[in-house]
$ cat structure-v1.cif   # mmCIF, C-alpha atoms
data_my_file
#
loop_
_atom_site.label_atom_id
_atom_site.label_comp_id
_atom_site.auth_asym_id
_atom_site.auth_seq_id
_atom_site.Cartn_x
_atom_site.Cartn_y
_atom_site.Cartn_z
CA MET G 1 35.17 -9.72 41.38
CA GLU G 2 37.88 -8.16 39.28
CA PRO G 3 40.93 -7.29 41.39
CA THR G 4 41.32 -3.53 41.74
CA ASN G 5 44.94 -3.83 40.67
CA SER G 6 44.18 -4.71 37.11
CA GLY G 7 43.17 -2.60 34.16
CA THR G 8 44.52 0.22 32.13
CA PHE G 9 44.68 3.82 33.31
CA GLU G 10 41.35 4.64 31.62
CA THR G 11 39.46 1.76 33.20
CA LEU G 12 40.89 2.57 36.65
CA LEU G 13 39.76 6.15 36.27
CA LYS G 14 36.32 5.16 34.99
CA ARG G 15 35.82 2.72 37.86
CA GLY G 16 36.50 5.51 40.37
CA GLU G 17 39.73 3.90 41.59
CA LEU G 18 42.60 5.91 43.00
CA ILE G 19 45.80 6.31 41.02
CA GLU G 20 48.71 5.56 43.34
CA SER G 21 51.97 5.80 41.39
CA THR G 22 53.51 7.45 38.37
CA SER G 23 53.86 4.05 36.70
CA GLU G 24 50.05 3.99 36.35
CA MET G 25 49.70 7.48 34.87
CA THR G 26 49.59 8.71 31.33
CA PRO G 27 52.01 11.61 30.64
CA ASP G 28 49.02 13.90 30.13
CA TYR G 29 47.50 12.97 33.51
CA LEU G 30 50.86 13.54 35.21
CA ARG G 31 51.11 16.98 33.62
CA GLU G 32 47.59 18.00 34.72
CA LEU G 33 48.15 16.63 38.22
CA LYS G 34 51.40 18.58 38.60
CA HIS G 35 49.75 21.74 37.31
CA THR G 36 46.86 21.39 39.78
CA LEU G 37 49.29 20.72 42.67
CA ILE G 38 51.41 23.74 41.76
CA VAL G 39 48.37 26.05 41.78
CA SER G 40 47.36 24.64 45.16
CA GLY G 41 50.88 24.74 46.66
CA ASP G 42 51.52 28.27 45.36
CA THR G 43 48.22 29.49 46.81
CA GLU G 44 48.93 28.09 50.27
CA LEU G 45 52.52 29.32 50.16
CA ILE G 46 51.77 32.91 49.10
CA SER G 47 49.04 33.25 51.71
CA ALA G 48 51.82 33.09 54.34
CA PRO G 49 53.59 36.38 53.41
CA ALA G 50 50.25 37.97 52.46
CA TYR G 51 48.76 37.17 55.88
CA TYR G 52 52.01 37.92 57.73
CA LEU G 53 52.24 41.47 56.38
CA ALA G 54 48.69 42.07 57.69
CA ALA G 55 49.03 40.07 60.95
CA LYS G 56 51.67 42.57 62.06
CA LYS G 57 48.76 45.01 62.47
CA ALA G 58 46.97 42.71 64.95
CA PRO G 59 45.12 44.59 67.71
CA SER G 60 46.50 42.35 70.51
CA VAL G 61 49.18 39.77 71.21
CA ASN G 62 46.46 37.11 71.32
CA ALA G 63 45.13 38.10 67.91
CA PHE G 64 48.68 38.16 66.52
CA MET G 65 49.30 34.62 67.80
CA THR G 66 46.13 33.45 66.06
CA GLY G 67 47.38 35.05 62.85
CA ILE G 68 50.75 33.34 63.21
CA ALA G 69 49.08 29.96 63.90
CA ILE G 70 47.09 30.33 60.67
CA ILE G 71 50.27 31.19 58.74
CA GLN G 72 51.99 28.10 60.17
CA ASP G 73 49.04 25.98 58.95
CA GLU G 74 49.22 27.50 55.47
CA LEU G 75 52.95 26.70 55.23
CA ALA G 76 52.24 23.11 56.30
CA HIS G 77 49.55 22.86 53.59
CA ALA G 78 51.99 24.19 51.01
CA HIS G 79 54.49 21.60 52.22
CA ILE G 80 51.99 18.79 51.59
CA ALA G 81 51.54 19.87 47.95
CA PHE G 82 55.26 20.43 47.32
CA HIS G 83 56.19 17.16 49.05
CA ILE G 84 53.90 15.31 46.61
CA LEU G 85 55.36 17.29 43.70
CA GLU G 86 58.79 16.03 44.75
CA GLU G 87 57.51 12.46 44.63
CA LEU G 88 56.35 13.26 41.06
CA GLY G 89 59.82 14.42 40.08
CA GLU G 90 59.77 18.17 40.69
CA SER G 91 62.35 19.91 42.88
CA GLN G 92 60.73 21.74 45.80
CA GLU G 93 63.75 24.00 46.06
CA ALA G 94 63.54 25.04 42.43
CA LEU G 95 59.77 25.58 42.59
CA ILE G 96 59.77 27.69 45.74
CA PHE G 97 63.10 29.46 45.77
CA LYS G 98 64.24 29.73 42.17
CA ARG G 99 61.11 30.55 40.22
CA ASP G 100 60.41 33.97 38.77
CA PRO G 101 57.73 35.73 40.91
CA LYS G 102 55.51 36.13 37.85
CA ALA G 103 55.62 32.37 37.22
CA PHE G 104 53.76 31.60 40.48
CA ARG G 105 50.21 30.37 39.89
CA TYR G 106 48.21 31.58 42.89
CA PRO G 107 45.00 33.64 42.50
CA TYR G 108 45.42 37.31 41.66
CA ALA G 109 43.58 38.35 44.86
CA PHE G 110 46.72 37.74 46.95
CA ASP G 111 48.63 40.30 44.90
CA VAL G 112 46.47 43.09 46.26
CA PRO G 113 47.96 44.09 49.64
CA LEU G 114 46.15 43.12 52.86
CA GLU G 115 47.02 46.12 55.00
CA SER G 116 45.06 45.83 58.22
CA TRP G 117 43.75 43.28 60.72
CA THR G 118 40.27 43.89 59.31
CA GLU G 119 41.44 42.98 55.79
CA LEU G 120 43.17 39.88 57.18
CA VAL G 121 40.05 38.56 58.89
CA VAL G 122 37.97 39.28 55.76
CA ALA G 123 40.56 37.24 53.85
CA ASN G 124 40.03 34.42 56.38
CA ALA G 125 36.26 34.67 55.89
CA MET G 126 36.31 34.90 52.07
CA TYR G 127 39.65 33.71 50.61
CA ASP G 128 39.90 30.74 52.99
CA GLN G 129 36.26 29.95 52.20
CA ALA G 130 37.25 29.84 48.51
CA GLY G 131 40.14 27.55 49.37
CA PHE G 132 37.75 25.42 51.44
CA CYS G 133 35.34 25.01 48.47
CA LEU G 134 38.15 24.19 46.01
CA LEU G 135 40.10 21.85 48.28
CA GLY G 136 36.96 20.22 49.68
CA ASP G 137 36.00 19.29 46.13
CA ILE G 138 39.50 17.92 45.45
CA HIS G 139 39.45 16.04 48.77
CA GLU G 140 36.17 14.37 47.79
CA GLN G 141 36.83 13.74 44.13
CA CYS G 142 40.58 13.59 43.56
CA SER G 143 41.72 10.48 41.71
CA TYR G 144 45.31 10.71 43.01
CA GLY G 145 45.54 8.76 46.30
CA PRO G 146 48.44 10.53 48.06
CA TRP G 147 46.86 13.96 47.59
CA LYS G 148 43.38 12.82 48.61
CA ARG G 149 44.86 11.45 51.86
CA GLY G 150 47.02 14.52 52.46
CA LEU G 151 44.02 16.82 52.29
CA VAL G 152 42.40 15.38 55.45
CA LYS G 153 44.64 17.60 57.59
CA VAL G 154 44.19 20.60 55.31
CA MET G 155 40.39 20.51 55.51
CA ALA G 156 40.39 20.28 59.31
CA GLU G 157 42.65 23.31 59.65
CA GLU G 158 40.97 25.51 57.04
CA ASN G 159 37.87 25.21 59.23
CA PHE G 160 39.75 27.02 62.01
CA HIS G 161 40.76 29.85 59.64
CA LEU G 162 37.15 30.29 58.56
CA ARG G 163 36.03 30.44 62.18
CA ASN G 164 38.62 33.13 62.90
CA GLY G 165 37.44 35.13 59.88
CA ARG G 166 33.77 34.83 60.76
CA ASN G 167 34.12 35.48 64.50
CA TRP G 168 36.17 38.62 63.93
CA SER G 169 33.97 39.89 61.08
CA LYS G 170 30.94 39.54 63.32
CA ARG G 171 32.70 41.23 66.22
CA ILE G 172 33.87 44.18 64.09
CA SER G 173 30.43 44.58 62.56
CA GLN G 174 28.79 44.60 65.99
CA ALA G 175 31.21 47.30 67.15
CA GLY G 176 29.60 49.57 64.54
CA GLY G 177 30.83 53.06 63.63
CA ALA G 178 34.18 53.50 61.93
CA ALA G 179 35.14 49.85 62.57
CA LYS G 180 32.09 48.57 60.70
CA GLU G 181 32.67 51.06 57.86
CA GLU G 182 36.23 49.77 57.47
CA LEU G 183 34.90 46.19 57.37
CA GLN G 184 32.36 47.15 54.69
CA ARG G 185 35.09 48.85 52.60
CA ALA G 186 37.29 45.71 52.82
CA ILE G 187 34.42 43.50 51.70
CA ASP G 188 33.55 45.91 48.86
CA TRP G 189 36.89 45.27 47.13
CA MET G 190 37.59 41.72 48.33
CA PHE G 191 34.21 40.16 47.50
CA PRO G 192 34.45 40.59 43.69
CA LEU G 193 38.10 39.48 43.79
CA THR G 194 37.04 36.20 45.37
CA VAL G 195 34.14 35.74 42.94
CA GLU G 196 36.73 35.98 40.16
CA TRP G 197 39.03 33.47 41.98
CA PHE G 198 37.04 30.53 40.54
CA GLY G 199 38.06 31.44 37.00
CA LEU G 200 36.33 31.59 33.63
CA PRO G 201 32.58 30.94 33.59
CA ASP G 202 31.59 27.51 32.29
CA ASN G 203 30.17 28.88 29.01
CA LEU G 204 33.63 30.23 28.09
CA LYS G 205 35.61 27.29 29.37
CA GLN G 206 35.28 24.75 26.58
CA HIS G 207 36.84 21.74 28.18
CA SER G 208 38.47 20.82 31.47
CA ALA G 209 41.13 18.11 31.63
CA GLN G 210 40.97 18.43 35.44
CA LEU G 211 37.36 17.22 35.35
CA ASP G 212 38.13 14.46 32.83
CA TYR G 213 40.88 13.17 35.09
CA ARG G 214 38.79 13.58 38.27
CA LEU G 215 41.40 15.92 39.71
CA LYS G 216 38.34 17.90 40.71
CA GLY G 217 34.62 17.18 40.56
CA LEU G 218 32.80 20.51 40.23
CA THR G 219 32.97 23.12 37.47
CA ASN G 220 34.11 26.73 38.02
CA ASP G 221 30.52 28.01 38.14
CA GLN G 222 29.39 25.24 40.51
CA LEU G 223 32.24 26.08 42.89
CA ARG G 224 31.50 29.81 42.58
CA GLN G 225 27.85 29.13 43.48
CA GLN G 226 28.91 27.02 46.45
CA TRP G 227 31.09 29.87 47.70
CA LEU G 228 28.32 32.45 47.21
CA SER G 229 25.84 30.23 49.03
CA THR G 230 27.97 30.33 52.19
CA VAL G 231 29.40 33.88 52.05
CA VAL G 232 26.32 35.89 50.98
CA PRO G 233 23.96 34.66 53.76
CA PHE G 234 26.73 34.99 56.36
CA MET G 235 27.58 38.59 55.44
CA GLU G 236 23.88 39.52 55.37
CA SER G 237 23.42 37.91 58.80
CA ILE G 238 26.05 40.21 60.33
CA GLY G 239 24.65 43.33 58.66
CA ILE G 240 27.17 43.66 55.82
CA ARG G 241 26.15 44.46 52.23
CA VAL G 242 27.41 42.25 49.40
CA PRO G 243 26.74 42.81 45.67
CA ALA G 244 24.85 39.53 45.13
CA HIS G 245 21.45 38.10 45.99
CA GLN G 246 19.62 34.79 45.98
CA GLU G 247 17.03 33.82 43.37
CA ASN G 248 15.51 30.43 44.20
CA SER G 249 18.47 28.17 44.84
CA HIS G 250 20.79 30.25 42.67
CA PHE G 251 22.95 33.27 43.55
CA VAL G 252 23.06 36.21 41.16
CA LEU G 253 25.68 38.97 41.04
CA ASP G 254 24.42 42.57 41.14
CA TYR G 255 27.24 43.89 38.96
CA PRO G 256 28.61 43.16 35.49
CA PHE G 257 30.95 40.16 35.68
CA PRO G 258 33.72 40.73 34.85
CA CYS G 259 34.39 44.45 35.25
CA THR G 260 37.45 46.65 35.72
CA PHE G 261 39.48 46.86 38.92
CA ASP G 262 41.96 49.50 40.04
CA ALA G 263 44.38 47.51 42.24
CA ASP G 264 46.21 50.53 43.67
CA ALA G 265 42.98 52.22 44.74
CA LYS G 266 41.38 48.84 45.64
CA ARG G 267 38.28 49.91 43.73
CA TRP G 268 35.94 48.16 41.30
CA ASP G 269 34.18 50.11 38.60
CA PHE G 270 30.79 48.41 38.31
CA LYS G 271 29.95 50.86 35.50
CA ASP G 272 32.82 49.62 33.37
CA PRO G 273 32.31 46.00 32.25
CA CYS G 274 35.31 44.34 30.60
CA THR G 275 36.09 41.08 28.81
CA TRP G 276 37.69 37.94 30.23
CA ASP G 277 40.68 38.65 27.99
CA ASP G 278 41.15 41.89 29.97
CA VAL G 279 40.94 39.93 33.24
CA LEU G 280 43.41 37.30 32.03
CA ALA G 281 45.82 40.09 31.00
CA ARG G 282 45.56 41.64 34.50
CA TRP G 283 46.18 38.23 36.10
CA ARG G 284 49.19 37.52 33.87
CA ALA G 285 50.77 40.89 34.64
CA ARG G 286 50.31 40.04 38.38
CA GLY G 287 49.42 42.67 40.98
CA PRO G 288 51.19 45.18 43.23
CA ARG G 289 52.53 42.83 45.92
CA ASN G 290 53.66 39.82 43.84
CA ALA G 291 57.41 40.52 43.74
CA GLU G 292 57.59 41.75 47.36
CA MET G 293 55.92 38.61 48.74
CA VAL G 294 57.98 36.15 46.73
CA ALA G 295 61.14 38.06 47.69
CA LEU G 296 60.22 37.59 51.37
CA PHE G 297 60.99 33.88 51.23
CA GLN G 298 63.40 33.80 48.28
CA GLU G 299 65.78 36.40 49.75
CA SER G 300 66.01 34.59 53.08
CA PHE G 301 66.83 31.39 51.25
CA ALA G 302 69.55 33.10 49.22
CA LYS G 303 71.11 34.53 52.40
CA PHE G 304 70.99 31.12 54.08
CA GLN G 305 72.73 29.56 51.06
CA VAL G 306 75.56 32.10 51.34
CA GLN G 307 75.99 31.35 55.07
CA VAL G 308 76.23 27.58 54.59
CA MET Y 1 61.97 12.34 35.55
CA GLY Y 2 64.68 14.90 36.19
CA TYR Y 3 64.51 15.17 39.94
CA SER Y 4 64.51 12.63 42.74
CA ARG Y 5 63.72 13.59 46.34
CA VAL Y 6 65.76 10.62 47.58
CA HIS Y 7 69.52 11.03 47.31
CA ALA Y 8 72.72 10.10 49.17
CA ASN Y 9 71.89 12.13 52.30
CA VAL Y 10 68.18 11.46 52.82
CA ARG Y 11 65.80 8.53 53.06
CA GLU Y 12 62.09 8.25 52.51
CA TYR Y 13 59.85 7.01 55.33
CA ASP Y 14 56.20 5.99 55.17
CA VAL Y 15 54.07 7.21 58.07
CA PHE Y 16 51.35 5.02 59.63
CA ALA Y 17 48.88 5.96 62.34
CA ARG Y 18 45.49 5.21 63.87
CA LYS Y 19 43.03 7.27 65.87
CA ALA Y 20 41.52 4.49 67.99
CA ARG Y 21 42.43 1.04 69.19
CA VAL Y 22 39.59 -0.52 67.19
CA GLU Y 23 41.02 0.86 63.95
CA PRO Y 24 43.75 -0.73 61.89
CA LEU Y 25 46.91 1.24 61.24
CA ARG Y 26 46.68 3.18 58.01
CA GLN Y 27 49.17 4.98 55.84
CA VAL Y 28 48.79 8.73 56.38
CA GLY Y 29 51.69 9.98 54.29
CA SER Y 30 55.46 10.07 54.00
CA VAL Y 31 58.47 12.15 55.04
CA VAL Y 32 61.98 12.57 53.68
CA ALA Y 33 64.76 13.01 56.25
CA PRO Y 34 68.51 12.49 56.77
CA ASP Y 35 68.05 10.27 59.87
CA ASP Y 36 65.43 8.49 62.00
CA ASP Y 37 65.27 11.21 64.68
CA LEU Y 38 64.52 13.96 62.19
CA ALA Y 39 62.11 11.68 60.35
CA MET Y 40 60.19 11.19 63.62
CA ALA Y 41 60.13 14.94 64.23
CA TYR Y 42 58.91 15.61 60.68
CA ALA Y 43 56.21 12.95 60.96
CA ARG Y 44 54.95 14.37 64.27
CA ALA Y 45 54.89 17.91 62.93
CA THR Y 46 53.48 17.14 59.50
CA TYR Y 47 50.74 14.67 60.40
CA ASP Y 48 49.34 16.37 63.49
CA GLU Y 49 45.73 16.50 62.30
CA GLU Y 50 44.54 13.94 64.88
CA ARG Y 51 45.30 12.83 68.43
CA TRP Y 52 46.66 9.49 67.26
CA VAL Y 53 46.81 6.55 69.69
CA GLU Y 54 49.60 5.10 67.61
CA MET Y 55 52.03 6.42 65.02
CA MET Y 56 55.00 4.73 63.41
CA ILE Y 57 57.40 5.35 60.56
CA VAL Y 58 59.09 2.79 58.34
CA PRO Y 59 62.03 3.47 56.02
CA ARG Y 60 60.60 2.84 52.57
CA ASP Y 61 63.67 0.84 51.55
CA ALA Y 62 62.95 -1.61 54.40
CA VAL Y 63 59.52 -2.43 53.00
CA ILE Y 64 59.29 -5.59 50.97
CA ARG Y 65 56.52 -5.20 48.44
CA LEU Y 66 54.78 -8.32 47.15
CA TRP Y 67 52.76 -6.33 44.71
CA ALA Y 68 51.62 -2.77 44.32
CA PRO Y 69 48.98 -0.78 42.45
CA GLY Y 70 49.86 -0.80 38.77
CA GLU Y 71 52.00 -3.91 38.99
CA SER Y 72 51.08 -7.53 38.63
CA GLU Y 73 52.19 -10.16 41.16
CA SER Y 74 55.61 -11.51 40.32
#
$ encode --input "structure-v1.cif" --output "structure tokens"
Amino acid sequence: MEPTNSGTFETLLKRGELIESTSEMTPDYLRELKHTLIVSGDTELISAPAYYLAAKKAPSVNAFMTGIAIIQDELAHAHIAFHILEELGESQEALIFKRDPKAFRYPYAFDVPLESWTELVVANAMYDQAGFCLLGDIHEQCSYGPWKRGLVKVMAEENFHLRNGRNWSKRISQAGGAAKEELQRAIDWMFPLTVEWFGLPDNLKQHSAQLDYRLKGLTNDQLRQQWLSTVVPFMESIGIRVPAHQENSHFVLDYPFPCTFDADAKRWDFKDPCTWDDVLARWRARGPRNAEMVALFQESFAKFQVQV
Amino acid sequence: MGYSRVHANVREYDVFARKARVEPLRQVGSVVAPDDDLAMAYARATYDEERWVEMMIVPRDAVIRLWAPGESES
């Protein structure tokens, strides 16, 4: 048998081997790997201030502690990504504390303020489910050894966030009345934001270097379907309406995708379809809470630097 | 590469652990710390996904590599 040590980068990749060090990578692979890690690290990192600003509205000390435990997990997950980025030659300090808020690469959804405990638990049920689909795929498929190993912890903990989101969503729905109406309103604006999280549909995305390099295994539409297949049946099972339905083994959206979104009013206009160029422009401009959330950790760091 | 996470004040440590006595130790990750005590604390806090029966850290500069992925035996 051929020793697994031998071979060029391409043959290693084709054989399904793991890449272990920068000396084995092509510059292009290194660039794609860093980009993928930055998106992942930024997403975990920004979920901390986003969840914190909502966890403050927790209905009990117990619930607040659960929120804080989830935030601590998210920071640890961000640390795993940034720690690997350091090994690849990027400064964690520069990436986290010295980057322009608009240069962060997390999904747009986090820029729309989570303002209540209900919105936080819906984020756990839907945003963390999106993270679970994306990271689960990377955990299974990723060709870079250190990241694949680091994701074992991440997957175990994301499970706990999902459970928190689902248990609370069910509880709020069962309470009925105004509580259930608030839950439905949160899902009405957050569901389409999470559908959009998975990016351009496959027919518009010509080519994916991330798939070529096995940094992930599933396409945007496959991941979106996977997410829909868990979220739609769950929401229906607890008596919540979602704008999608199942046809055979496939999930179909009941609204034009994409369409326009008013971030300040947290309202989708299903009667106003738009183009993906419009969506990309909205993402690039970032949303209402971007600067405030990044300032939350960057300002503390700046103060700490002055003190020492 | 412009940046190195190892500099005059910190060392890199590899972290090894196993979940059960029947398992071999395996590498679960790494930490960067200014001394052994902090490195132990970082390893405990960072790699807490299992109830390990054994965990150890090794300064990377104490490891003698015979060969490694991407290199041929010298």
$ atom_distance --input "structure-v1.cif" --atom1 "CA of Gln184 (chain G)" --atom2 "CA of Ile172 (chain G)"
10.0 Å
$ resolve_selection --input "structure-v1.cif" --expression "the PyMOL selection byres ((chain Y) within 9 of (chain G))" --output "PyMOL selection string"
chain Y and resi 1-6+27-32+45-50+68-72
$ resolve_selection --input "structure-v1.cif" --expression "the PyMOL selection byres ((chain G and resi 296-305) around 10)" --output "PyMOL selection string"
chain G and resi 45-46+48-49+93+96-101+291-295+306-308
$ closest_residue --input "structure-v1.cif" --among "Y:Arg51, Y:Arg60, Y:Arg65, Y:Arg44" --to "Arg18 (chain Y)" --atoms "all atoms listed in the file"
Y:Arg51
$ residues_around --input "structure-v1.cif" --residues "Leu25 (chain Y)" --least-positions-apart "3" --cutoff "8 Å" --atoms "all atoms listed in the file" --output "ChimeraX atom specification"
/Y:16-18,54
$ residues_around --input "structure-v1.cif" --residues "Ser237 (chain G)" --least-positions-apart "3" --cutoff "12 Å" --atoms "only C-alpha atoms" --output "ChimeraX atom specification"
/G:166,169-170,173-174,230-234,240-242
$ write_last_selection --input "structure-v1.cif" --atoms "C-alpha atoms" --output "short mmCIF file (atom, residue, chain, number, x, y, z; two decimals), keeping the file's coordinate frame"
data_model
loop_
_atom_site.label_atom_id
_atom_site.label_comp_id
_atom_site.auth_asym_id
_atom_site.auth_seq_id
_atom_site.Cartn_x
_atom_site.Cartn_y
_atom_site.Cartn_z
CA ARG G 166 33.77 34.83 60.76
CA SER G 169 33.97 39.89 61.08
CA LYS G 170 30.94 39.54 63.32
CA SER G 173 30.43 44.58 62.56
CA GLN G 174 28.79 44.60 65.99
CA THR G 230 27.97 30.33 52.19
CA VAL G 231 29.40 33.88 52.05
CA VAL G 232 26.32 35.89 50.98
CA PRO G 233 23.96 34.66 53.76
CA PHE G 234 26.73 34.99 56.36
CA ILE G 240 27.17 43.66 55.82
CA ARG G 241 26.15 44.46 52.23
CA VAL G 242 27.41 42.25 49.40
#
$ residues_around --input "structure-v1.cif" --residues "Ser208 (chain G)" --least-positions-apart "4" --cutoff "9 Å" --atoms "all atoms listed in the file" --output "list of chain:residue names"
G:Asp212, G:Tyr213, G:Thr219
$ build_atoms --input "structure-v1.cif" --residues "region 36-56 of chain Y" --atoms "N, CA and C atoms" --output "CSV table (one decimal), keeping the file's coordinate frame"
chain,number,residue,atom,x,y,z
Y,36,ASP,N,66.7,8.9,61.4
Y,36,ASP,CA,65.4,8.5,62.0
Y,36,ASP,C,64.9,9.6,62.9
Y,37,ASP,N,65.7,10.2,63.7
Y,37,ASP,CA,65.3,11.2,64.7
Y,37,ASP,C,64.5,12.3,64.0
Y,38,LEU,N,65.2,12.9,62.9
Y,38,LEU,CA,64.5,14.0,62.2
Y,38,LEU,C,63.3,13.5,61.5
Y,39,ALA,N,63.3,12.2,61.0
Y,39,ALA,CA,62.1,11.7,60.4
Y,39,ALA,C,61.0,11.6,61.3
Y,40,MET,N,61.2,11.2,62.6
Y,40,MET,CA,60.2,11.2,63.6
Y,40,MET,C,59.6,12.6,63.9
Y,41,ALA,N,60.6,13.6,64.0
Y,41,ALA,CA,60.1,14.9,64.2
Y,41,ALA,C,59.3,15.4,63.1
Y,42,TYR,N,59.7,15.2,61.8
Y,42,TYR,CA,58.9,15.6,60.7
Y,42,TYR,C,57.5,15.0,60.7
Y,43,ALA,N,57.5,13.7,61.0
Y,43,ALA,CA,56.2,13.0,61.0
Y,43,ALA,C,55.3,13.5,62.0
Y,44,ARG,N,55.8,13.8,63.2
Y,44,ARG,CA,55.0,14.4,64.3
Y,44,ARG,C,54.4,15.7,63.8
Y,45,ALA,N,55.3,16.5,63.3
Y,45,ALA,CA,54.9,17.9,62.9
Y,45,ALA,C,54.0,18.0,61.7
Y,46,THR,N,54.2,17.1,60.8
Y,46,THR,CA,53.5,17.1,59.5
Y,46,THR,C,52.1,16.5,59.6
Y,47,TYR,N,52.0,15.4,60.3
Y,47,TYR,CA,50.7,14.7,60.4
Y,47,TYR,C,50.1,14.8,61.8
Y,48,ASP,N,49.8,16.1,62.1
Y,48,ASP,CA,49.3,16.4,63.5
Y,48,ASP,C,47.8,16.7,63.5
Y,49,GLU,N,47.1,16.2,62.4
Y,49,GLU,CA,45.7,16.5,62.3
Y,49,GLU,C,44.8,15.8,63.3
Y,50,GLU,N,45.4,14.7,63.9
Y,50,GLU,CA,44.5,13.9,64.9
Y,50,GLU,C,45.3,13.7,66.2
Y,51,ARG,N,44.6,13.3,67.2
Y,51,ARG,CA,45.3,12.8,68.4
Y,51,ARG,C,45.4,11.3,68.3
Y,52,TRP,N,46.5,10.9,67.6
Y,52,TRP,CA,46.7,9.5,67.3
Y,52,TRP,C,46.9,8.7,68.5
Y,53,VAL,N,46.4,7.4,68.6
Y,53,VAL,CA,46.8,6.6,69.7
Y,53,VAL,C,48.1,5.8,69.3
Y,54,GLU,N,48.4,5.8,68.0
Y,54,GLU,CA,49.6,5.1,67.6
Y,54,GLU,C,50.1,5.8,66.3
Y,55,MET,N,51.4,5.9,66.3
Y,55,MET,CA,52.0,6.4,65.0
Y,55,MET,C,53.4,5.7,64.9
Y,56,MET,N,53.7,5.3,63.6
Y,56,MET,CA,55.0,4.7,63.4
Y,56,MET,C,55.5,5.1,62.0
